[in-house]
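Have a look at coords15.pdb; it's PDB, C-alpha atoms:
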```pdb
ATOM      1  CA  MET O   1      -5.939 101.847 -55.375
ATOM      2  CA  LYS O   2      -9.174  99.908 -55.646
ATOM      3  CA  PRO O   3      -9.351  96.828 -57.882
ATOM      4  CA  CYS O   4     -11.495  97.182 -60.924
ATOM      5  CA  PRO O   5     -14.850  95.316 -61.033
ATOM      6  CA  PHE O   6     -13.504  92.969 -63.717
ATOM      7  CA  THR O   7     -10.596  91.927 -61.458
ATOM      8  CA  LEU O   8     -13.010  91.206 -58.557
ATOM      9  CA  TYR O   9     -15.143  89.100 -60.895
ATOM     10  CA  LEU O  10     -12.145  86.980 -61.956
ATOM     11  CA  LEU O  11     -11.069  86.514 -58.339
ATOM     12  CA  LEU O  12     -14.530  85.366 -57.235
ATOM     13  CA  ALA O  13     -14.825  83.021 -60.221
ATOM     14  CA  THR O  14     -11.465  81.462 -59.377
ATOM     15  CA  LEU O  15     -12.420  80.966 -55.730
ATOM     16  CA  CYS O  16     -15.745  79.390 -56.676
ATOM     17  CA  ALA O  17     -14.052  77.035 -59.140
ATOM     18  CA  CYS O  18     -11.540  75.891 -56.524
ATOM     19  CA  THR O  19     -14.264  75.357 -53.945
ATOM     20  CA  GLU O  20     -16.355  73.209 -56.289
ATOM     21  CA  SER O  21     -13.312  71.134 -57.291
ATOM     22  CA  ASP O  22     -12.245  70.603 -53.692
ATOM     23  CA  VAL O  23     -15.724  69.441 -52.672
ATOM     24  CA  SER O  24     -16.005  66.961 -55.537
ATOM     25  CA  GLU O  25     -12.676  65.359 -54.664
ATOM     26  CA  ILE O  26     -13.362  64.923 -50.957
ATOM     27  CA  THR O  27     -13.417  61.257 -49.978
ATOM     28  CA  PRO O  28     -16.342  60.476 -47.653
ATOM     29  CA  PRO O  29     -15.010  60.329 -44.101
ATOM     30  CA  GLU O  30     -14.786  56.991 -42.354
ATOM     31  CA  VAL O  31     -17.448  56.209 -39.786
ATOM     32  CA  SER O  32     -15.983  55.682 -36.327
ATOM     33  CA  ALA O  33     -16.920  51.999 -36.176
ATOM     34  CA  PRO O  34     -15.341  48.937 -37.768
ATOM     35  CA  ILE O  35     -17.178  46.505 -39.994
ATOM     36  CA  ASN O  36     -17.911  43.446 -37.871
ATOM     37  CA  TRP O  37     -19.902  40.261 -38.367
ATOM     38  CA  LYS O  38     -22.658  38.085 -36.964
ATOM     39  CA  VAL O  39     -22.434  34.623 -38.487
ATOM     40  CA  VAL O  40     -25.354  32.222 -38.088
ATOM     41  CA  THR O  41     -26.000  28.882 -39.731
ATOM     42  CA  ILE O  42     -28.967  26.753 -40.639
ATOM     43  CA  LYS O  43     -29.083  23.792 -38.265
ATOM     44  CA  GLY O  44     -27.977  20.436 -39.575
ATOM     45  CA  THR O  45     -26.958  16.997 -38.402
ATOM     46  CA  ARG O  46     -24.199  16.267 -35.913
ATOM     47  CA  ALA O  47     -21.820  15.120 -38.646
ATOM     48  CA  LEU O  48     -22.349  18.370 -40.513
ATOM     49  CA  ILE O  49     -22.216  21.868 -39.040
ATOM     50  CA  GLU O  50     -25.178  21.715 -36.674
ATOM     51  CA  ASN O  51     -25.496  25.144 -35.100
ATOM     52  CA  ASP O  52     -23.802  28.467 -34.471
ATOM     53  CA  THR O  53     -21.694  27.058 -31.647
ATOM     54  CA  GLN O  54     -20.310  24.262 -33.833
ATOM     55  CA  LEU O  55     -19.434  26.723 -36.582
ATOM     56  CA  GLN O  56     -17.706  28.948 -34.017
ATOM     57  CA  THR O  57     -15.791  25.956 -32.662
ATOM     58  CA  ALA O  58     -14.779  24.855 -36.167
ATOM     59  CA  CYS O  59     -13.442  28.359 -36.861
ATOM     60  CA  THR O  60     -11.582  28.738 -33.560
ATOM     61  CA  PRO O  61      -7.861  28.497 -34.458
ATOM     62  CA  SER O  62      -6.879  26.512 -31.361
ATOM     63  CA  ILE O  63      -9.717  23.987 -31.819
ATOM     64  CA  GLY O  64     -11.152  23.474 -35.296
ATOM     65  CA  GLY O  65      -8.598  25.335 -37.382
ATOM     66  CA  GLU O  66     -11.150  26.223 -40.071
ATOM     67  CA  ALA O  67     -12.167  29.691 -41.291
ATOM     68  CA  ILE O  68     -14.733  31.592 -43.317
ATOM     69  CA  THR O  69     -13.643  33.474 -46.441
ATOM     70  CA  ILE O  70     -15.016  36.993 -46.967
ATOM     71  CA  TRP O  71     -15.209  38.894 -50.255
ATOM     72  CA  GLY O  72     -16.449  42.482 -50.259
ATOM     73  CA  SER O  73     -16.638  45.566 -52.449
ATOM     74  CA  HIS O  74     -18.444  48.910 -52.553
ATOM     75  CA  ASN O  75     -19.641  51.378 -55.160
ATOM     76  CA  ARG O  76     -16.929  53.979 -54.489
ATOM     77  CA  SER O  77     -14.016  51.895 -55.704
ATOM     78  CA  ASP O  78     -13.162  49.318 -58.330
ATOM     79  CA  GLU O  79     -10.888  47.537 -55.870
ATOM     80  CA  PRO O  80     -12.331  44.998 -53.382
ATOM     81  CA  ILE O  81     -12.105  45.831 -49.703
ATOM     82  CA  PHE O  82     -12.176  42.144 -48.767
ATOM     83  CA  ASN O  83     -10.216  39.984 -51.178
ATOM     84  CA  GLY O  84     -10.446  36.439 -49.840
ATOM     85  CA  THR O  85     -10.047  37.689 -46.267
ATOM     86  CA  LEU O  86     -10.111  34.934 -43.647
ATOM     87  CA  LEU O  87     -12.515  35.247 -40.739
ATOM     88  CA  THR O  88     -11.978  33.233 -37.560
ATOM     89  CA  TYR O  89     -13.715  33.098 -34.201
ATOM     90  CA  GLU O  90     -11.358  34.543 -31.597
ATOM     91  CA  ALA O  91     -11.136  37.601 -29.364
ATOM     92  CA  LYS O  92      -8.852  40.429 -30.510
ATOM     93  CA  THR O  93      -8.271  44.025 -29.515
ATOM     94  CA  SER O  94     -10.697  46.208 -31.450
ATOM     95  CA  THR O  95     -12.485  49.548 -31.310
ATOM     96  CA  THR O  96     -15.709  47.602 -30.908
ATOM     97  CA  PRO O  97     -15.211  44.194 -29.251
ATOM     98  CA  HIS O  98     -16.410  41.251 -31.320
ATOM     99  CA  MET O  99     -15.432  37.622 -31.786
ATOM    100  CA  TRP O 100     -15.402  37.166 -35.574
ATOM    101  CA  ASN O 101     -12.063  38.681 -36.599
ATOM    102  CA  TYR O 102      -9.787  38.858 -39.624
ATOM    103  CA  VAL O 103      -6.625  36.806 -39.931
ATOM    104  CA  ASP O 104      -3.537  39.034 -40.223
ATOM    105  CA  GLU O 105      -5.543  42.052 -41.375
ATOM    106  CA  PRO O 106      -6.605  45.245 -39.537
ATOM    107  CA  ASP O 107     -10.208  46.287 -39.038
ATOM    108  CA  LYS O 108     -11.986  47.877 -41.975
ATOM    109  CA  TYR O 109     -14.196  50.917 -41.289
ATOM    110  CA  TRP O 110     -17.540  51.928 -42.760
ATOM    111  CA  LEU O 111     -17.796  54.813 -45.241
ATOM    112  CA  TYR O 112     -20.744  57.207 -45.327
ATOM    113  CA  SER O 113     -23.291  56.993 -48.172
ATOM    114  CA  THR O 114     -21.742  53.824 -49.590
ATOM    115  CA  GLU O 115     -23.308  50.591 -50.835
ATOM    116  CA  TYR O 116     -21.457  47.364 -50.015
ATOM    117  CA  ASP O 117     -21.701  43.823 -51.408
ATOM    118  CA  PHE O 118     -20.492  40.899 -49.295
ATOM    119  CA  LEU O 119     -20.082  37.199 -50.028
ATOM    120  CA  ALA O 120     -18.865  34.593 -47.540
ATOM    121  CA  TYR O 121     -18.255  30.865 -47.738
ATOM    122  CA  TYR O 122     -17.196  27.993 -45.485
ATOM    123  CA  PRO O 123     -14.825  26.199 -45.359
ATOM    124  CA  ALA O 124     -12.224  28.752 -46.392
ATOM    125  CA  ASP O 125      -9.965  26.131 -47.970
ATOM    126  CA  PHE O 126     -12.702  24.672 -50.175
ATOM    127  CA  PRO O 127     -10.936  23.645 -53.416
ATOM    128  CA  ASN O 128     -11.476  24.880 -56.974
ATOM    129  CA  VAL O 129     -13.145  28.155 -55.942
ATOM    130  CA  VAL O 130     -13.387  31.330 -58.010
ATOM    131  CA  ALA O 131     -15.103  34.106 -56.042
ATOM    132  CA  THR O 132     -15.883  37.824 -55.904
ATOM    133  CA  SER O 133     -18.213  39.855 -53.713
ATOM    134  CA  THR O 134     -21.151  38.847 -55.931
ATOM    135  CA  LEU O 135     -20.199  35.468 -57.427
ATOM    136  CA  PHE O 136     -19.033  32.054 -56.220
ATOM    137  CA  THR O 137     -18.150  29.154 -58.512
ATOM    138  CA  ALA O 138     -16.656  25.779 -57.672
ATOM    139  CA  THR O 139     -16.522  22.205 -58.904
ATOM    140  CA  TYR O 140     -17.621  19.590 -56.382
ATOM    141  CA  ASN O 141     -17.036  15.835 -56.487
ATOM    142  CA  SER O 142     -18.949  14.081 -53.727
ATOM    143  CA  MET O 143     -16.955  10.879 -54.157
ATOM    144  CA  VAL O 144     -13.736  12.579 -53.052
ATOM    145  CA  GLN O 145     -15.195  15.485 -51.027
ATOM    146  CA  GLN O 146     -17.637  15.301 -48.147
ATOM    147  CA  GLU O 147     -17.369  18.868 -46.879
ATOM    148  CA  ASP O 148     -20.359  20.892 -45.747
ATOM    149  CA  LEU O 149     -20.247  23.806 -48.197
ATOM    150  CA  MET O 150     -22.104  26.883 -46.885
ATOM    151  CA  LEU O 151     -22.490  30.379 -48.345
ATOM    152  CA  ALA O 152     -24.012  33.774 -47.641
ATOM    153  CA  ARG O 153     -24.574  36.955 -49.664
ATOM    154  CA  THR O 154     -25.770  40.316 -48.405
ATOM    155  CA  THR O 155     -25.672  44.049 -49.119
ATOM    156  CA  VAL O 156     -25.377  47.026 -46.767
ATOM    157  CA  ASN O 157     -26.025  50.660 -47.697
ATOM    158  CA  THR O 158     -24.724  53.123 -45.132
ATOM    159  CA  ALA O 159     -27.019  55.799 -46.618
ATOM    160  CA  ASP O 160     -30.097  53.922 -45.438
ATOM    161  CA  ALA O 161     -31.945  55.524 -42.542
ATOM    162  CA  ALA O 162     -31.962  52.185 -40.716
ATOM    163  CA  PHE O 163     -28.178  51.705 -40.980
ATOM    164  CA  ASP O 164     -26.557  51.161 -37.589
ATOM    165  CA  LYS O 165     -22.797  51.566 -37.732
ATOM    166  CA  TYR O 166     -22.371  49.428 -34.619
ATOM    167  CA  ALA O 167     -24.573  46.540 -35.775
ATOM    168  CA  PRO O 168     -22.685  43.518 -37.125
ATOM    169  CA  VAL O 169     -23.256  42.453 -40.704
ATOM    170  CA  PRO O 170     -25.574  39.416 -40.629
ATOM    171  CA  LEU O 171     -24.235  36.442 -42.593
ATOM    172  CA  GLN O 172     -26.839  33.696 -42.884
ATOM    173  CA  MET O 173     -24.777  30.683 -43.949
ATOM    174  CA  ASN O 174     -26.881  28.345 -46.093
ATOM    175  CA  HIS O 175     -26.032  24.805 -47.174
ATOM    176  CA  ALA O 176     -25.279  24.302 -50.867
ATOM    177  CA  LEU O 177     -25.557  20.489 -50.831
ATOM    178  CA  ALA O 178     -28.204  17.889 -50.063
ATOM    179  CA  ALA O 179     -27.811  15.020 -47.581
ATOM    180  CA  VAL O 180     -29.088  11.435 -47.807
ATOM    181  CA  LYS O 181     -29.419   8.866 -45.060
ATOM    182  CA  PHE O 182     -30.734   5.290 -44.846
ATOM    183  CA  LYS O 183     -32.426   3.476 -41.994
ATOM    184  CA  VAL O 184     -33.345  -0.191 -42.024
ATOM    185  CA  LYS O 185     -35.848  -2.252 -40.032
ATOM    186  CA  SER O 186     -37.712  -5.579 -40.323
ATOM    187  CA  LYS O 187     -41.406  -5.747 -41.064
ATOM    188  CA  ASN O 188     -42.355  -8.154 -38.285
ATOM    189  CA  GLY O 189     -39.719  -7.239 -35.717
ATOM    190  CA  ARG O 190     -37.520 -10.221 -36.507
ATOM    191  CA  THR O 191     -33.789  -9.749 -35.921
ATOM    192  CA  MET O 192     -31.920  -9.575 -39.222
ATOM    193  CA  THR O 193     -28.466  -8.612 -40.520
ATOM    194  CA  LEU O 194     -27.781  -6.181 -43.343
ATOM    195  CA  LYS O 195     -24.708  -7.111 -45.400
ATOM    196  CA  SER O 196     -24.609  -4.510 -48.179
ATOM    197  CA  LEU O 197     -26.338  -1.428 -49.539
ATOM    198  CA  SER O 198     -25.612   0.585 -52.670
ATOM    199  CA  LEU O 199     -27.213   3.854 -53.810
ATOM    200  CA  SER O 200     -26.634   4.414 -57.531
ATOM    201  CA  GLY O 201     -27.864   6.517 -60.430
ATOM    202  CA  LEU O 202     -26.917   9.901 -58.946
ATOM    203  CA  TYR O 203     -24.676  12.574 -60.370
ATOM    204  CA  THR O 204     -21.662  12.863 -58.103
ATOM    205  CA  LYS O 205     -19.797  15.746 -59.736
ATOM    206  CA  GLY O 206     -21.018  19.169 -60.811
ATOM    207  CA  ASP O 207     -20.300  22.876 -61.139
ATOM    208  CA  PHE O 208     -21.862  25.207 -58.599
ATOM    209  CA  VAL O 209     -22.518  28.816 -59.683
ATOM    210  CA  TYR O 210     -24.015  31.023 -56.955
ATOM    211  CA  GLN O 211     -24.688  34.738 -57.241
ATOM    212  CA  SER O 212     -28.190  35.392 -55.897
ATOM    213  CA  LYS O 213     -28.921  36.838 -52.456
ATOM    214  CA  SER O 214     -31.341  34.039 -51.651
ATOM    215  CA  LYS O 215     -30.524  30.481 -50.567
ATOM    216  CA  PRO O 216     -28.683  28.222 -53.023
ATOM    217  CA  ALA O 217     -31.055  26.526 -55.464
ATOM    218  CA  VAL O 218     -30.921  23.230 -57.325
ATOM    219  CA  THR O 219     -30.664  25.226 -60.570
ATOM    220  CA  ASP O 220     -27.342  26.693 -59.372
ATOM    221  CA  TRP O 221     -25.809  23.274 -60.091
ATOM    222  CA  GLU O 222     -24.908  22.435 -63.672
ATOM    223  CA  ASN O 223     -22.586  20.414 -65.919
ATOM    224  CA  HIS O 224     -23.030  17.138 -64.099
ATOM    225  CA  SER O 225     -23.979  14.927 -67.041
ATOM    226  CA  ASP O 226     -22.365  11.491 -67.247
ATOM    227  CA  ASN O 227     -20.805  11.767 -63.781
ATOM    228  CA  THR O 228     -22.849   9.072 -62.065
ATOM    229  CA  ALA O 229     -21.433   6.742 -59.436
ATOM    230  CA  SER O 230     -22.645   4.768 -56.428
ATOM    231  CA  TYR O 231     -22.367   5.200 -52.665
ATOM    232  CA  ASP O 232     -21.639   1.754 -51.260
ATOM    233  CA  TRP O 233     -22.013   0.313 -47.795
ATOM    234  CA  ALA O 234     -20.814  -3.114 -46.686
ATOM    235  CA  GLY O 235     -20.572  -4.626 -43.239
ATOM    236  CA  THR O 236     -22.640  -6.305 -40.565
ATOM    237  CA  LEU O 237     -25.592  -4.299 -39.247
ATOM    238  CA  THR O 238     -28.005  -6.131 -36.964
ATOM    239  CA  PHE O 239     -31.516  -4.676 -36.850
ATOM    240  CA  ASP O 240     -35.071  -5.547 -35.840
ATOM    241  CA  GLY O 241     -38.403  -3.733 -35.776
ATOM    242  CA  THR O 242     -36.739  -0.487 -34.684
ATOM    243  CA  ALA O 243     -35.128   1.452 -37.519
ATOM    244  CA  ALA O 244     -31.316   1.411 -37.347
ATOM    245  CA  ASP O 245     -29.048   3.961 -39.069
ATOM    246  CA  VAL O 246     -26.837   2.715 -41.881
ATOM    247  CA  THR O 247     -23.452   4.285 -41.097
ATOM    248  CA  GLY O 248     -19.847   3.898 -42.228
ATOM    249  CA  TYR O 249     -19.797   3.886 -46.015
ATOM    250  CA  THR O 250     -17.042   2.180 -47.966
ATOM    251  CA  ALA O 251     -15.961   4.157 -50.998
ATOM    252  CA  THR O 252     -13.385   6.878 -51.490
ATOM    253  CA  SER O 253     -12.252   7.568 -47.925
ATOM    254  CA  PRO O 254     -14.085  10.841 -47.098
ATOM    255  CA  LEU O 255     -17.423   9.024 -47.099
ATOM    256  CA  ALA O 256     -16.369   7.114 -44.001
ATOM    257  CA  THR O 257     -16.112  10.357 -42.019
ATOM    258  CA  TYR O 258     -19.901  10.537 -41.959
ATOM    259  CA  ALA O 259     -20.286   7.287 -40.042
ATOM    260  CA  GLU O 260     -21.479   9.101 -36.918
ATOM    261  CA  ASP O 261     -24.871  10.058 -38.353
ATOM    262  CA  GLY O 262     -25.047   8.091 -41.580
ATOM    263  CA  PHE O 263     -25.565  11.156 -43.773
ATOM    264  CA  ILE O 264     -23.750  11.430 -47.072
ATOM    265  CA  LEU O 265     -23.577  14.699 -49.001
ATOM    266  CA  VAL O 266     -24.879  14.583 -52.566
ATOM    267  CA  ILE O 267     -24.911  16.996 -55.498
ATOM    268  CA  PRO O 268     -28.274  18.786 -55.812
ATOM    269  CA  GLN O 269     -29.992  17.580 -58.968
ATOM    270  CA  GLN O 270     -33.395  17.387 -60.628
ATOM    271  CA  ASP O 271     -35.527  14.598 -62.066
ATOM    272  CA  CYS O 272     -33.136  11.830 -61.063
ATOM    273  CA  LEU O 273     -34.031   8.170 -60.577
ATOM    274  CA  PRO O 274     -31.795   6.782 -57.834
ATOM    275  CA  ALA O 275     -31.686   3.013 -57.439
ATOM    276  CA  LEU O 276     -31.039   0.901 -54.363
ATOM    277  CA  ASP O 277     -29.458  -2.551 -54.056
ATOM    278  CA  ILE O 278     -29.488  -4.316 -50.697
ATOM    279  CA  ALA O 279     -28.594  -7.729 -49.319
ATOM    280  CA  THR O 280     -29.037  -9.385 -45.948
ATOM    281  CA  THR O 281     -27.497 -12.596 -44.663
ATOM    282  CA  ASP O 282     -30.677 -14.327 -45.853
ATOM    283  CA  LYS O 283     -31.255 -12.838 -49.283
ATOM    284  CA  VAL O 284     -29.995 -10.615 -52.095
ATOM    285  CA  TYR O 285     -32.926  -8.422 -53.100
ATOM    286  CA  ASP O 286     -33.744  -7.180 -56.581
ATOM    287  CA  ARG O 287     -32.811  -3.595 -57.379
ATOM    288  CA  ALA O 288     -35.431  -0.991 -56.459
ATOM    289  CA  VAL O 289     -35.812   2.344 -58.237
ATOM    290  CA  LEU O 290     -36.636   4.929 -55.585
ATOM    291  CA  GLY O 291     -38.797   7.094 -57.819
ATOM    292  CA  GLU O 292     -38.136  10.410 -59.508
ATOM    293  CA  VAL O 293     -36.848  12.978 -57.054
ATOM    294  CA  ASP O 294     -35.210  16.404 -56.859
ATOM    295  CA  PHE O 295     -32.349  16.594 -54.373
ATOM    296  CA  GLU O 296     -32.373  20.222 -53.262
ATOM    297  CA  PRO O 297     -29.722  22.242 -51.407
ATOM    298  CA  GLY O 298     -30.163  22.457 -47.658
ATOM    299  CA  LYS O 299     -32.445  19.427 -47.389
ATOM    300  CA  GLN O 300     -32.030  15.984 -45.845
ATOM    301  CA  TYR O 301     -33.581  12.872 -47.368
ATOM    302  CA  VAL O 302     -34.006  10.048 -44.868
ATOM    303  CA  TYR O 303     -35.002   6.746 -46.490
ATOM    304  CA  THR O 304     -36.389   4.027 -44.251
ATOM    305  CA  ILE O 305     -36.163   0.506 -45.704
ATOM    306  CA  THR O 306     -38.650  -1.969 -44.228
ATOM    307  CA  ILE O 307     -37.647  -5.543 -45.071
ATOM    308  CA  ASP O 308     -39.988  -8.487 -45.137
ATOM    309  CA  PRO O 309     -37.769 -11.473 -44.224
ATOM    310  CA  LYS O 310     -39.483 -13.773 -46.713
ATOM    311  CA  PHE O 311     -40.487 -11.586 -49.619
ATOM    312  CA  ASP O 312     -39.482  -8.025 -50.416
ATOM    313  CA  PHE O 313     -38.950  -4.565 -48.963
ATOM    314  CA  SER O 314     -40.641  -1.176 -49.088
ATOM    315  CA  ILE O 315     -39.130   2.271 -48.814
ATOM    316  CA  THR O 316     -40.444   5.530 -47.407
ATOM    317  CA  VAL O 317     -38.715   8.884 -47.400
ATOM    318  CA  VAL O 318     -38.954  11.852 -45.066
ATOM    319  CA  THR O 319     -37.620  15.107 -46.486
ATOM    320  CA  THR O 320     -36.423  17.561 -43.854
ATOM    321  CA  SER O 321     -34.891  20.990 -44.275
ATOM    322  CA  TRP O 322     -31.919  21.913 -42.130
ATOM    323  CA  GLU O 323     -34.396  24.019 -40.148
ATOM    324  CA  LYS O 324     -35.960  20.666 -39.167
ATOM    325  CA  THR O 325     -39.312  21.343 -40.864
ATOM    326  CA  ILE O 326     -40.589  17.866 -41.678
ATOM    327  CA  ILE O 327     -42.297  17.131 -44.968
ATOM    328  CA  PRO O 328     -44.679  14.138 -44.601
ATOM    329  CA  ASP O 329     -43.624  10.567 -45.404
ATOM    330  CA  ILE O 330     -43.947   9.461 -49.014
ATOM    331  CA  ILE O 331     -43.848   5.873 -50.216
ATOM    332  CA  VAL O 332     -41.296   5.949 -52.994
ATOM    333  CA  GLY O 333     -40.838   2.356 -53.937
ATOM    334  CA  ASP O 334     -41.928  -1.245 -53.501
ATOM    335  CA  ASN O 335     -40.209  -4.314 -54.835
TER
END
```
Show me the file's structure as structure tokens.
Amino acid sequence: MKPCPFTLYLLLATLCACTESDVSEITPPEVSAPINWKVVTIKGTRALIENDTQLQTACTPSIGGEAITIWGSHNRSDEPIFNGTLLTYEAKTSTTPHMWNYVDEPDKYWLYSTEYDFLAYYPADFPNVVATSTLFTATYNSMVQQEDLMLARTTVNTADAAFDKYAPVPLQMNHALAAVKFKVKSKNGRTMTLKSLSLSGLYTKGDFVYQSKSKPAVTDWENHSDNTASYDWAGTLTFDGTAADVTGYTATSPLATYAEDGFILVIPQQDCLPALDIATTDKVYDRAVLGEVDFEPGKQYVYTITIDPKFDFSITVVTTSWEKTIIPDIIVGDN
């Protein structure tokens, strides 16, 4: 007995409906390569993270004990795929050998036709952090913290023609803070002794809100009104006509950890008027206002104080990015 045409129609309709439903519910297959990472950093001073090797050393468990935190999500799920995952620099068994590996977590694998958002920051144990794959917020107090905060944000779309499943995700770690350093020398080459130095008039606490894919900007820092304090140095520093670094600050203890290079980390801020007080064994000098300045993330500000033994002192500043691109000297103050 042959089925009637109506029965054949119903059967075909049912098969078509099942096929369409099955296709729509198929999860994209995993690509046969794990997500891995290439972490690079903007160069800095010796006391900060200077280069890729120093960041790798800092994040090697048996040496530095630090880590990078990874947050990640994609457009096929509401749940993050990296939820504060720790990344350290050590060799582990993997489908594709690489050195940046997760702590106590298995490899994650790429999905086809999927767009990913990634955010990373260092150090992993930075306090007061709230983060997602697209947003980082933290409160920073430079009088009790002197940690080199670095961040990176990037996206990867596996549907792009240029996507290479074996290529590591590039994380360009950029500095979120500014750094200030003082040098001192005598005008005529005479040997002198610095007894104290104090940098005041700067905000020392602020909220950092970062969500762009570009480098951190000074406008990412907010809510730092009325949080001014001073960075103080006291001791015995002998100098002459050759500029000597002022190192070893006396304040809340973390500042002393930057004695090697003399750099102190400061909150990025705009339109500020820092002031400088100095004294030698011969004279206590009048306060000098250094001039209006923006302290921007990822830049160093090296102030050279030239002291006239009998009269006054002058100050010049060289602004340098962590890429070591020098911006010409500017005279910022005379007393």
Selection dump of the PyMOL selection byres ((chain O and resi 233) around 9), as JSON, numbers by chain: {"O": [195, 196, 197, 198, 199, 231, 232, 234, 235, 246, 247, 248, 249, 250, 251]}
query: Do you know which residues the PyMOL selection byres ((chain O and resi 52) around 6) returns on this file, as a VMD selection string?
result: chain O and resid 40 to 41 51 53 to 55
Writing out the chosen residues with C-alpha atoms as a compact mmCIF listing (two decimals), in the coordinates of the input:
```
# COMPACT_ATOMS: atom_id res chain seq x y z
CA VAL O 40 -25.35 32.22 -38.09
CA THR O 41 -26.00 28.88 -39.73
CA ASN O 51 -25.50 25.14 -35.10
CA THR O 53 -21.69 27.06 -31.65
CA GLN O 54 -20.31 24.26 -33.83
CA LEU O 55 -19.43 26.72 -36.58
```
message: Quick check on the file I pasted: which residues fall under the PyMOL selection byres ((chain O and resi 113-118) around 8)? Write them as a PyMOL selection string.
response: chain O and resi 28+70-76+111-112+119-120+133-134+153-160
As JSON: centre and edge lengths in Å, one decimal, of the axis-aligned box holding stretch 209-225 of chain O with 5 Å per side:
```
{"center_x": -26.9, "center_y": 25.9, "center_z": -58.8, "size_x": 18.8, "size_y": 31.9, "size_z": 26.5}
```
Within-9 Å shell of (-36.9, -11.9, -43.3) in input frame, all atoms listed in the file, as a PyMOL selection string: chain O and resi 186-188+190-192+280+282-283+307-312
message: Taking only C-alpha atoms into account, name the residue in O:Thr137, O:Gln146, O:Ser321, O:Thr57 that is nearest to O:Phe263.
response: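 That would be O:Gln146, the residue with the smallest distance to O:Phe263.
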Please report as CSV every residue of stretch 204-299 of chain O lying within 12 Å of stretch 163-184 of chain O, along with the nearest atom pair and their distance in Å (one decimal), using all atoms listed in the file.
```
residue,atom,partner,partner_atom,distance
O:Thr204,CA,O:Leu177,CA,11.2
O:Lys205,CA,O:Leu177,CA,11.6
O:Gly206,CA,O:Leu177,CA,11.0
O:Asp207,CA,O:Ala176,CA,11.5
O:Phe208,CA,O:Ala176,CA,8.5
O:Val209,CA,O:Ala176,CA,10.3
O:Tyr210,CA,O:Ala176,CA,9.2
O:Lys213,CA,O:Gln172,CA,10.3
O:Ser214,CA,O:Asn174,CA,9.1
O:Lys215,CA,O:Asn174,CA,6.2
O:Pro216,CA,O:Ala176,CA,5.6
O:Ala217,CA,O:Ala176,CA,7.7
O:Val218,CA,O:Ala176,CA,8.6
O:Thr219,CA,O:Ala176,CA,11.1
O:Asp220,CA,O:Ala176,CA,9.1
O:Trp221,CA,O:Ala176,CA,9.3
O:Tyr231,CA,O:Val180,CA,10.4
O:Asp232,CA,O:Phe182,CA,11.7
O:Trp233,CA,O:Phe182,CA,10.5
O:Leu237,CA,O:Val184,CA,9.2
O:Thr238,CA,O:Val184,CA,9.5
O:Phe239,CA,O:Val184,CA,7.1
O:Asp240,CA,O:Val184,CA,8.4
O:Gly241,CA,O:Val184,CA,8.8
O:Thr242,CA,O:Val184,CA,8.1
O:Ala243,CA,O:Val184,CA,5.1
O:Ala244,CA,O:Lys183,CA,5.2
O:Asp245,CA,O:Lys183,CA,4.5
O:Val246,CA,O:Phe182,CA,5.5
O:Thr247,CA,O:Phe182,CA,8.3
O:Gly248,CA,O:Lys181,CA,11.2
O:Tyr249,CA,O:Lys181,CA,10.9
O:Leu255,CA,O:Val180,CA,11.9
O:Tyr258,CA,O:Lys181,CA,10.1
O:Ala259,CA,O:Lys181,CA,10.5
O:Glu260,CA,O:Lys181,CA,11.4
O:Asp261,CA,O:Lys181,CA,8.2
O:Gly262,CA,O:Lys181,CA,5.6
O:Phe263,CA,O:Lys181,CA,4.7
O:Ile264,CA,O:Val180,CA,5.4
O:Leu265,CA,O:Ala179,CA,4.5
O:Val266,CA,O:Ala178,CA,5.3
O:Ile267,CA,O:Leu177,CA,5.9
O:Pro268,CA,O:Ala178,CA,5.8
O:Gln269,CA,O:Ala178,CA,9.1
O:Gln270,CA,O:Ala178,CA,11.8
O:Pro274,CA,O:Val180,CA,11.4
O:Leu276,CA,O:Phe182,CA,10.5
O:Ile278,CA,O:Val184,CA,10.3
O:Ala279,CA,O:Val184,CA,11.5
O:Thr280,CA,O:Val184,CA,10.9
O:Asp294,CA,O:Ala178,CA,9.9
O:Phe295,CA,O:Ala178,CA,6.1
O:Glu296,CA,O:Ala178,CA,5.7
O:Pro297,CA,O:Leu177,CA,4.6
O:Gly298,CA,O:His175,CA,4.8
O:Lys299,CA,O:Ala178,CA,5.2
```
message: I need every residue sitting at most 8 Å from the point (-17.4, 22.3, -49.3) (coordinates as in the file, all atoms listed in the file considered), written as a list of chain:residue names.
response: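 Residues lying no farther than 8 Å from the given point: O:Tyr122, O:Pro123, O:Phe126, O:Pro127, O:Tyr140, O:Gln145, O:Gln146, O:Glu147, O:Asp148, O:Leu149, O:Met150.
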- line: From the list O:Gly291, O:Pro80, O:Pro34, O:Gly64, the nearest residue to O:Lys108 using all atoms listed in the file is O:Pro34
